[in-house]
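Peer 1: I'd like to ask some things about the structure below.
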Amino acid sequence: MPTRRTLPGTRRLTLEGDLAALMVEGIDQYLTRETQNTRKRRGQAADPGTSSELRARLSEILGLMDTRQSGSIQAVSPVDGPAEVARGSGSRGYEVRWPVLKGVDGEGLLIRPEDLTRANVILLPDCDLTPEQSAGLRDGSACPYLADRLVQSGCQVLIPVLMDRRCTYSGNPDIAMTNQPHREYIYRAAYELGRHVIGYEIQKVLAAVDSFEENGLPIGVFGHGEGGLIAFYSAAIDPRIGSVGVSGFFMQREDLWAQPIYRNVFGLLNDFGDAEVASLVSPRKLVIEIAGHPEVQEPPKVEGVSQSGAPGRLMTSDPEEVEIEFDRARSLSSDPESLVLTRSRSGNPGEAETLEAFSAGLGVAPTHTDRDDVPRYVREGVCPQLRFKRQFDQLVEHTQVSLGEAATRRAEYWREARDEETTVCSKHAELYRARLLEDVIGALPPVEMRPNPHSRLFYEDPKLNAYEVTLDVYPDVFAYGILLIPKRIRKGDRRPVVVCQHGLEGRPQDVVGPDGPRHPYGNFAYNLAREGFVTYAPQNPYIGQDAFRVLQRKANPLKLSLFSFIVRQHEQTLAWLSTLPFVDPERIAFYGLSYGGKTAMRVPALIKQYCLSICSADYNEWIRKNVTVNHRCTYMFSGEYEMPEFNLGNTFNYAEMSWLICPRPFMVERGHHDGCAPDEWVGYEYAKTYRHYALQDLGDLTEIEYFDGPHTINGEGTFSFLRKHLRRGAG
């Protein structure tokens with residue numbers, strides 16, 4: 001009898017070309033459309049929340065999770081020489097330091113008028129300028145007189161150090177240096193731990209506000225470029241800031257995904273465009289200045305280091321778009337007159353009209369004259385580079401200390417689910433499954449489209465037939481894979497299915513053919529099908545280098561991720577597989593390698609229909625792999641910049657994900673020479689998985705197989721595990 005060219009109940013698949021690339025393109029189209037729709041959805045929100053609720057939400061996604069330290073701004077001066085670093089006619093400048101977080105200080109310059117101080121101003125230049133440049137003590141500032149004008153108006157001016165876009169210290173000299181901007185390097189480690197380089201710098205501003213509050217004078221912040229970002233969000237979060245100047249930053253925010261990755265904020269666009277952030281400043285004074293922004297093309301081009309920096313660009317905003325967003329901000333404001341829009345004629349920050357409006361919010365009269373006797377150095381030995389290195393090292397160290405504390409935070413996060421035996425009660429699994437999906441992975445709407453399956457014969461051999469299959473998921477989004485069906489299945493015989501997942505840049509074709517490469521996949525879908533299992537190899541969308549990483553960049557501001565789509569694709573696939581007359585829907589297992597192993601941890605934890613999961617060549621102390629700067633296995637030095645998942649470190653490591661797979665069988669496959677992680681990391685994390693199963697008398701449902709091999713499918717213990725737990729009808 002001739003082999004069917006299509007599967008029963010399906011239409012003929014006629015789609016040609018690279019189906020993996022078409023899948024990535026379709027998801028990109030979906031995300032582009034949803035990004036444009038966020039503005040409309042925010043405007044239609046029935047109850048966006050109170051100002052305090054919105055501030056709390058903004059604080060959370062910007063990573064303000066640590067308690068600030070108390071203390072005042074202190075001058076840093078040498079034993080010999082003058083206490084001040086600079087003097088001008090009627091002003092003194094000091095190097096200063098103030099406590100921010102445990103182990104983290106703020107540092108910068110404080111310039112004080114010798115006469116009566118009328119207000120406090122935190123001046124935040126673009127991050128590539130040193131405080132000395134912003135104060136006019138060194139060349140490089142586009143507006144070297146801005147600080148002096150504020151001082152002449154009676155303001156004491158604090159200019160903090162911000163992380164810049166250079167990459168001098170990004171890396172570990174004993175392992176690898178990278179071309180990641182300093183801001184990106186901090187971002188990568190912080191993001192996984194629920195923190196952010198933006199949040200760290202806001203904390204520095206607010207710690208300074210804590211100190212300034214003691215003198216009872218008005219407090220203002222003025223920022224340009226990256227400093228404008230920090231000023232804007234700081235004022236939105238903290239009502240103590242009475243006047244705000246934002247130069248060259250305010251814009252329509254829908255292209256956030258194309259900006260440098262250190263501006264990526266998980267879920268920002270769901271609640272906040274710049275207009276919504278501005279509404280949190282109202283009714284305080286907010287001055288938006290249309291001005292130039294430093295042109296930035298990330299990452300820096302540096303020879304001899306790991307080229308792992310993420311792409312991104314910054315440029316001056318279109319003035320018309322700024323005006324549109326400003327009008328929207330006024331429509332949301334409780335006091336539209338408190339918002340002022342100015343335009344810099346020169347393109348530089350802090351021109352006369354802007355400064356006048358900003359100063360009015362502080363109750364001081366601005367000075368517009370540029371003096372010849374601005375503050376000048378009066379002592380040697382000031383080294384901005386050493387100060388910057390100190391600030392950079394403190395933030396890196398804070399992420400590493402936070403990494404050490406993450407297990408304790410996860411234990412607290414899971415506290416309500418634990419019984420007296422300190423294991424997790426299964427009755428709480430649904431709560432944590434929902435949290436993993438909604439708070440970490442990001443939940444897309446449930447799939448409502450019919451699968452509309454299309455298929456075509458891919459190949460046949462004496463023991464099996466292979467079919468390519470596509471299924472509709474969302475408009476523009478489809479699932480695709482290859483189904484292997486053993487021949488001579490008796491009528492009424494329902495076989496178990498093993499879903500065999502490829503890794504990074506992989507394809508279903510890599511695992512389903514009799515002549516595929518031995519490493520890393522070992523033809524495992526084909527070999528399992530020859531044993532009598534039905535196997536299905538899905539195409540997952542982590543393919544195409546930056547093409548798929550852009551999906552993660554577009555997804556994150558919508559509180560989504562690549563796995564948001566993968567989860568729904570698998571749900572649709574399982575629903576369709578369950579309709580096949582030769583498939584037992586209660587015995588569909590998952591087996592994934594590498595990035596497929598990442599899928600093996602996340603997808604079966606969320607989709608209960610998978611009756612079993614095998615994680616190959618990926619299971620390890622996942623949070624450490626993402627955050628540590630002291631091991632060559634870390635993603636901190638690699639080009640896989642999409643790996644950090646916001647706040648995963650304080651919520652779900654791999655052991656916690658396996659608790660959501662329990663009581664279903666779960667196995668880890670691990671080669672001793674797998675560079676994914678050291679054996680010690682794998683063993684440490686798996687011990688928590690095994691303990692959870694064992695305390696529920698389920699120890700026989702979980703296994704780990706170590707083998708003397710690399711990053712590959714071994715296919716011995718895992719195949720036995722599948723036979724053991726899917727044995728009914730498997731042969």
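Going through the structure tokens in order, the chains are called A, B, and so on, while each chain numbers its residues from 1 and the ligands are numbered from 1 in the order shown.
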Within 7 Å of A:Pro283, counting only C-alpha atoms, which residues show up once you throw out same-chain ones fewer than 4 positions away? Write them as number ranges by chain, please.
Peer 2: A: 334-335, 338
Peer 1: Could you turn the residues from that selection into a file that holds C-alpha atoms, as a PDB file, in the first residue's frame?
Peer 2:
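Result file is part.pdb:
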ATOM      1  CA  SER A 334      -3.424  66.393  37.121  1.00  0.00           C
ATOM      2  CA  ASP A 335      -1.967  69.853  36.418  1.00  0.00           C
ATOM      3  CA  SER A 338       3.110  72.074  35.504  1.00  0.00           C
TER       4      SER A 338
END
Peer 1: What's the 6 Å shell around stretch 643-656 of chain A, counting only C-alpha atoms, without same-chain residues fewer than 3 positions away, as a ChimeraX atom specification?
Peer 2: /A:191-194,406,409-410,623,659,685,688-689
Peer 1: Could you give me the residues within stretch 100-191 of chain A that DSSP places in alpha helix (DSSP H), as a PyMOL selection string?
Peer 2: chain A and resi 131-134+146-152+182-191
Peer 1: Name all residues at most 10 Å from A:Gly350 (count only C-alpha atoms; drop same-chain ones fewer than 2 positions away) and give them as a PDB file with C-alpha atoms, in the first residue's frame.
Peer 2:
ATOM      1  CA  ALA A 142      28.514  70.434  25.598  1.00  0.00           C
ATOM      2  CA  CYS A 143      27.376  72.880  28.295  1.00  0.00           C
ATOM      3  CA  TYR A 145      28.527  76.475  32.366  1.00  0.00           C
ATOM      4  CA  LEU A 146      25.261  74.800  33.406  1.00  0.00           C
ATOM      5  CA  ALA A 147      26.464  73.816  36.886  1.00  0.00           C
ATOM      6  CA  ARG A 149      24.681  78.981  36.444  1.00  0.00           C
ATOM      7  CA  PHE A 222      18.205  67.908  35.993  1.00  0.00           C
ATOM      8  CA  GLY A 223      19.509  65.356  33.523  1.00  0.00           C
ATOM      9  CA  HIS A 224      20.612  65.038  29.934  1.00  0.00           C
ATOM     10  CA  GLY A 245      14.499  68.889  34.000  1.00  0.00           C
ATOM     11  CA  VAL A 246      14.749  66.210  31.301  1.00  0.00           C
ATOM     12  CA  SER A 247      16.868  67.097  28.282  1.00  0.00           C
ATOM     13  CA  GLU A 289      13.780  70.070  26.694  1.00  0.00           C
ATOM     14  CA  ALA A 291      17.787  68.792  22.678  1.00  0.00           C
ATOM     15  CA  THR A 342      11.233  73.913  25.619  1.00  0.00           C
ATOM     16  CA  ARG A 343      13.504  73.637  22.628  1.00  0.00           C
ATOM     17  CA  SER A 344      17.284  74.043  22.690  1.00  0.00           C
ATOM     18  CA  GLY A 347      20.979  71.364  20.673  1.00  0.00           C
ATOM     19  CA  ASN A 348      22.871  71.523  23.986  1.00  0.00           C
ATOM     20  CA  ALA A 352      17.998  79.808  29.112  1.00  0.00           C
ATOM     21  CA  GLU A 353      14.280  79.014  28.709  1.00  0.00           C
ATOM     22  CA  THR A 354      14.747  75.536  30.131  1.00  0.00           C
ATOM     23  CA  LEU A 355      16.807  76.719  33.054  1.00  0.00           C
ATOM     24  CA  GLU A 356      14.313  79.465  33.831  1.00  0.00           C
ATOM     25  CA  PHE A 358      13.368  74.498  36.010  1.00  0.00           C
TER      26      PHE A 358
END
Peer 1: For each of A:Ser658, A:Ser89, A:Gln152, A:Ser211, take the minimum atom-to-atom distance to A:Tyr432, counting only C-alpha atoms, then give the residue where this is smallest.
Peer 2: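 When distances to A:Tyr432 are compared using only C-alpha atoms, the smallest one comes from A:Ser658.
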Peer 1: Return as a tab-separated table the residues of stretch 41-92 of chain A lying at most 10 Å from stretch 273-281 of chain A, together with the closest atom-to-atom pair for each and the distance in Å to one decimal, counting only C-alpha atoms, with rows in chain order and ascending residue number.
Peer 2:
residue	atom	partner	partner_atom	distance
A:Arg42	CA	A:Gly273	CA	8.5
A:Gly43	CA	A:Glu276	CA	9.6
A:Pro48	CA	A:Glu276	CA	10.0
A:Thr50	CA	A:Leu280	CA	9.7
A:Ser51	CA	A:Leu280	CA	6.4
A:Ser52	CA	A:Leu280	CA	8.9
A:Leu54	CA	A:Leu280	CA	8.0
A:Arg55	CA	A:Leu280	CA	7.5
A:Leu58	CA	A:Val277	CA	8.7
Peer 1: Might you pull out every residue within 10 Å of stretch 468-472 of chain A, with only C-alpha atoms counted and same-chain residues fewer than 2 positions away left off, and present them as a PyMOL selection string?
Peer 2: chain A and resi 6-7+10-13+15+19+447-459+466+474-484+508-509+536-539+569+572-573+576
Peer 1: Next, write the just-selected residues to a file, as a short mmCIF file (atom, residue, chain, number, x, y, z; two decimals), in the first residue's frame, keeping N, CA and C atoms as the atom set.
Peer 2:
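And here is the file that came out, again_25.cif:
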data_model
loop_
_atom_site.label_atom_id
_atom_site.label_comp_id
_atom_site.auth_asym_id
_atom_site.auth_seq_id
_atom_site.Cartn_x
_atom_site.Cartn_y
_atom_site.Cartn_z
N THR A 6 0.17 12.98 2.83
CA THR A 6 -0.21 13.86 3.95
C THR A 6 -0.82 13.01 5.05
N LEU A 7 -0.82 13.54 6.26
CA LEU A 7 -1.46 12.85 7.37
C LEU A 7 -2.98 12.98 7.27
N THR A 10 -5.39 16.40 7.69
CA THR A 10 -4.58 17.61 7.46
C THR A 10 -4.63 17.98 5.98
N ARG A 11 -4.38 19.24 5.70
CA ARG A 11 -4.24 19.70 4.34
C ARG A 11 -2.78 19.56 3.90
N ARG A 12 -2.58 19.61 2.61
CA ARG A 12 -1.21 19.47 2.12
C ARG A 12 -0.41 20.73 2.44
N LEU A 13 0.76 20.55 3.00
CA LEU A 13 1.65 21.65 3.31
C LEU A 13 2.37 22.09 2.04
N LEU A 15 3.88 25.35 2.01
CA LEU A 15 4.79 26.42 2.40
C LEU A 15 6.22 26.02 2.08
N LEU A 19 11.47 27.38 6.83
CA LEU A 19 10.32 27.51 7.73
C LEU A 19 10.72 28.04 9.09
N VAL A 447 -4.46 30.42 23.42
CA VAL A 447 -4.62 30.24 21.98
C VAL A 447 -6.09 29.94 21.68
N GLU A 448 -6.66 30.71 20.77
CA GLU A 448 -8.05 30.51 20.37
C GLU A 448 -8.16 30.01 18.93
N MET A 449 -7.09 30.13 18.16
CA MET A 449 -7.14 29.69 16.76
C MET A 449 -7.18 28.16 16.68
N ARG A 450 -7.90 27.67 15.71
CA ARG A 450 -7.84 26.23 15.42
C ARG A 450 -6.46 25.90 14.85
N PRO A 451 -5.98 24.70 15.11
CA PRO A 451 -4.61 24.38 14.64
C PRO A 451 -4.46 24.36 13.13
N ASN A 452 -5.54 24.07 12.40
CA ASN A 452 -5.49 24.10 10.94
C ASN A 452 -4.26 23.36 10.42
N PRO A 453 -4.09 22.08 10.76
CA PRO A 453 -2.84 21.37 10.44
C PRO A 453 -2.63 21.17 8.95
N HIS A 454 -1.39 21.37 8.54
CA HIS A 454 -0.93 21.06 7.19
C HIS A 454 0.25 20.11 7.32
N SER A 455 0.37 19.18 6.38
CA SER A 455 1.47 18.21 6.48
C SER A 455 1.92 17.79 5.09
N ARG A 456 3.11 17.23 5.05
CA ARG A 456 3.61 16.59 3.83
C ARG A 456 4.66 15.56 4.23
N LEU A 457 4.78 14.51 3.43
CA LEU A 457 5.75 13.46 3.70
C LEU A 457 7.16 14.04 3.59
N PHE A 458 7.96 13.81 4.62
CA PHE A 458 9.34 14.29 4.62
C PHE A 458 10.27 13.19 4.12
N TYR A 459 10.11 11.98 4.66
CA TYR A 459 10.82 10.82 4.13
C TYR A 459 10.15 9.56 4.69
N ALA A 466 8.08 9.88 8.11
CA ALA A 466 8.31 11.19 8.72
C ALA A 466 7.52 12.24 7.96
N TYR A 474 -1.19 31.95 16.50
CA TYR A 474 -1.74 33.30 16.50
C TYR A 474 -1.61 33.84 15.08
N PRO A 475 -2.25 34.96 14.78
CA PRO A 475 -1.99 35.58 13.48
C PRO A 475 -0.48 35.79 13.29
N ASP A 476 0.05 35.30 12.20
CA ASP A 476 1.48 35.36 11.83
C ASP A 476 2.35 34.37 12.59
N VAL A 477 1.81 33.71 13.62
CA VAL A 477 2.62 32.81 14.45
C VAL A 477 2.15 31.38 14.23
N PHE A 478 3.08 30.50 13.90
CA PHE A 478 2.73 29.10 13.68
C PHE A 478 3.74 28.20 14.39
N ALA A 479 3.34 26.97 14.59
CA ALA A 479 4.23 25.93 15.11
C ALA A 479 4.60 25.02 13.95
N TYR A 480 5.80 24.48 14.00
CA TYR A 480 6.29 23.62 12.92
C TYR A 480 7.15 22.52 13.52
N GLY A 481 7.05 21.33 12.95
CA GLY A 481 7.89 20.24 13.41
C GLY A 481 7.80 19.05 12.47
N ILE A 482 8.49 17.99 12.85
CA ILE A 482 8.52 16.76 12.06
C ILE A 482 8.07 15.60 12.94
N LEU A 483 7.06 14.89 12.48
CA LEU A 483 6.47 13.77 13.20
C LEU A 483 6.98 12.46 12.61
N LEU A 484 7.50 11.59 13.48
CA LEU A 484 7.99 10.28 13.07
C LEU A 484 7.02 9.22 13.59
N PRO A 508 14.55 20.69 13.45
CA PRO A 508 14.04 19.32 13.60
C PRO A 508 14.81 18.31 12.75
N GLN A 509 15.26 18.76 11.57
CA GLN A 509 15.99 17.86 10.68
C GLN A 509 17.25 17.30 11.33
N TYR A 536 8.17 13.41 17.96
CA TYR A 536 7.86 14.68 17.29
C TYR A 536 8.98 15.66 17.63
N ALA A 537 9.55 16.26 16.60
CA ALA A 537 10.65 17.22 16.78
C ALA A 537 10.16 18.61 16.39
N PRO A 538 9.86 19.46 17.37
CA PRO A 538 9.38 20.80 17.04
C PRO A 538 10.53 21.73 16.66
N GLN A 539 10.20 22.72 15.83
CA GLN A 539 11.12 23.82 15.60
C GLN A 539 10.87 24.87 16.66
N GLN A 569 3.09 27.53 21.58
CA GLN A 569 3.30 26.61 20.45
C GLN A 569 3.20 25.16 20.91
N GLN A 572 -0.44 24.16 21.63
CA GLN A 572 -1.18 23.87 20.41
C GLN A 572 -0.73 22.54 19.81
N THR A 573 0.57 22.27 19.89
CA THR A 573 1.10 21.01 19.36
C THR A 573 0.55 19.82 20.13
N TRP A 576 -3.03 19.10 19.24
CA TRP A 576 -3.16 18.41 17.96
C TRP A 576 -2.69 16.96 18.05
#
Peer 1: For A:Arg602, please output as a PDB file with N, CA and C atoms, in the first residue's frame all residues within 10 Å (counting only C-alpha atoms; exclusion window: fewer than 6 positions along the same chain).
Peer 2:
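out_7.pdb written:
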ATOM      1  N   ARG A 433       3.037  27.838  39.514  1.00  0.00           N
ATOM      2  CA  ARG A 433       3.040  27.668  38.054  1.00  0.00           C
ATOM      3  C   ARG A 433       2.538  28.950  37.389  1.00  0.00           C
ATOM      4  N   LEU A 436       5.279  31.625  37.674  1.00  0.00           N
ATOM      5  CA  LEU A 436       6.358  31.419  36.709  1.00  0.00           C
ATOM      6  C   LEU A 436       5.938  31.917  35.333  1.00  0.00           C
ATOM      7  N   LEU A 437       4.717  31.610  34.941  1.00  0.00           N
ATOM      8  CA  LEU A 437       4.249  32.025  33.626  1.00  0.00           C
ATOM      9  C   LEU A 437       4.044  33.535  33.555  1.00  0.00           C
ATOM     10  N   ILE A 441       8.169  34.265  32.806  1.00  0.00           N
ATOM     11  CA  ILE A 441       8.143  33.938  31.377  1.00  0.00           C
ATOM     12  C   ILE A 441       7.366  34.997  30.602  1.00  0.00           C
ATOM     13  N   PHE A 563      10.093  32.445  25.445  1.00  0.00           N
ATOM     14  CA  PHE A 563       9.371  31.271  25.939  1.00  0.00           C
ATOM     15  C   PHE A 563       7.875  31.517  26.061  1.00  0.00           C
ATOM     16  N   ILE A 566       6.984  29.957  22.878  1.00  0.00           N
ATOM     17  CA  ILE A 566       7.283  28.524  22.867  1.00  0.00           C
ATOM     18  C   ILE A 566       6.238  27.748  23.664  1.00  0.00           C
ATOM     19  N   VAL A 567       5.832  28.297  24.804  1.00  0.00           N
ATOM     20  CA  VAL A 567       4.814  27.624  25.623  1.00  0.00           C
ATOM     21  C   VAL A 567       3.519  27.455  24.833  1.00  0.00           C
ATOM     22  N   GLY A 596      17.209  23.168  24.139  1.00  0.00           N
ATOM     23  CA  GLY A 596      16.073  22.273  24.331  1.00  0.00           C
ATOM     24  C   GLY A 596      15.971  21.805  25.768  1.00  0.00           C
ATOM     25  N   TYR A 654      16.674  26.068  38.740  1.00  0.00           N
ATOM     26  CA  TYR A 654      16.233  24.838  38.086  1.00  0.00           C
ATOM     27  C   TYR A 654      15.586  23.858  39.061  1.00  0.00           C
ATOM     28  N   MET A 657      12.007  24.899  39.388  1.00  0.00           N
ATOM     29  CA  MET A 657      11.235  24.521  38.204  1.00  0.00           C
ATOM     30  C   MET A 657      10.905  23.030  38.230  1.00  0.00           C
ATOM     31  N   SER A 658      11.873  22.215  38.682  1.00  0.00           N
ATOM     32  CA  SER A 658      11.623  20.767  38.728  1.00  0.00           C
ATOM     33  C   SER A 658      10.538  20.427  39.741  1.00  0.00           C
ATOM     34  N   LEU A 660       7.855  21.955  40.036  1.00  0.00           N
ATOM     35  CA  LEU A 660       6.593  22.092  39.316  1.00  0.00           C
ATOM     36  C   LEU A 660       6.384  20.955  38.317  1.00  0.00           C
ATOM     37  N   ILE A 661       7.449  20.243  37.979  1.00  0.00           N
ATOM     38  CA  ILE A 661       7.313  19.036  37.156  1.00  0.00           C
ATOM     39  C   ILE A 661       6.850  17.866  38.019  1.00  0.00           C
TER      40      ILE A 661
END
Peer 1: Please list as a PyMOL selection string every residue within 10 Å of A:Gln385, counting only C-alpha atoms and excluding residues in the same chain fewer than 5 positions away.
Peer 2: chain A and resi 130+390-391
Peer 1: Between atom CA of A:Glu107 and atom CA of A:Met636, measure the distance and give it in Å to one decimal.
Peer 2: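 Result for atom CA of A:Glu107 versus atom CA of A:Met636: 25.9 Å, one decimal.
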Peer 1: Just to confirm, what's the straight-line distance from atom CA of A:Val161 to atom CA of A:Ala231 in Å (one decimal)?
Peer 2: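 That distance, rounded to one decimal, is 13.3 Å.
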Peer 1: For the atom pair atom CA of A:Ser134 and atom CA of A:Leu62, what is the interatomic distance in Å to one decimal place?
Peer 2: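 Distance reported for this atom pair: 25.9 Å.
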Peer 1: Write out as a ChimeraX atom specification the residues lying within 8 Å of A:Pro125, counting only C-alpha atoms and excluding same-chain residues fewer than 4 positions away.
Peer 2: /A:129,131,134,159,223-228
Peer 1: Please produce an output containing C-alpha atoms for each residue in the selection, written as a compact mmCIF listing (two decimals), in the first residue's frame.
Peer 2:
# COMPACT_ATOMS: atom_id res chain seq x y z
CA LEU A 129 30.73 62.71 30.90
CA PRO A 131 31.46 65.14 36.93
CA SER A 134 30.05 68.68 33.60
CA ILE A 159 27.03 65.79 40.12
CA GLY A 223 19.51 65.36 33.52
CA HIS A 224 20.61 65.04 29.93
CA GLY A 225 20.81 61.88 27.80
CA GLU A 226 21.28 58.89 30.07
CA GLY A 227 21.24 61.33 32.96
CA GLY A 228 17.85 62.52 31.71
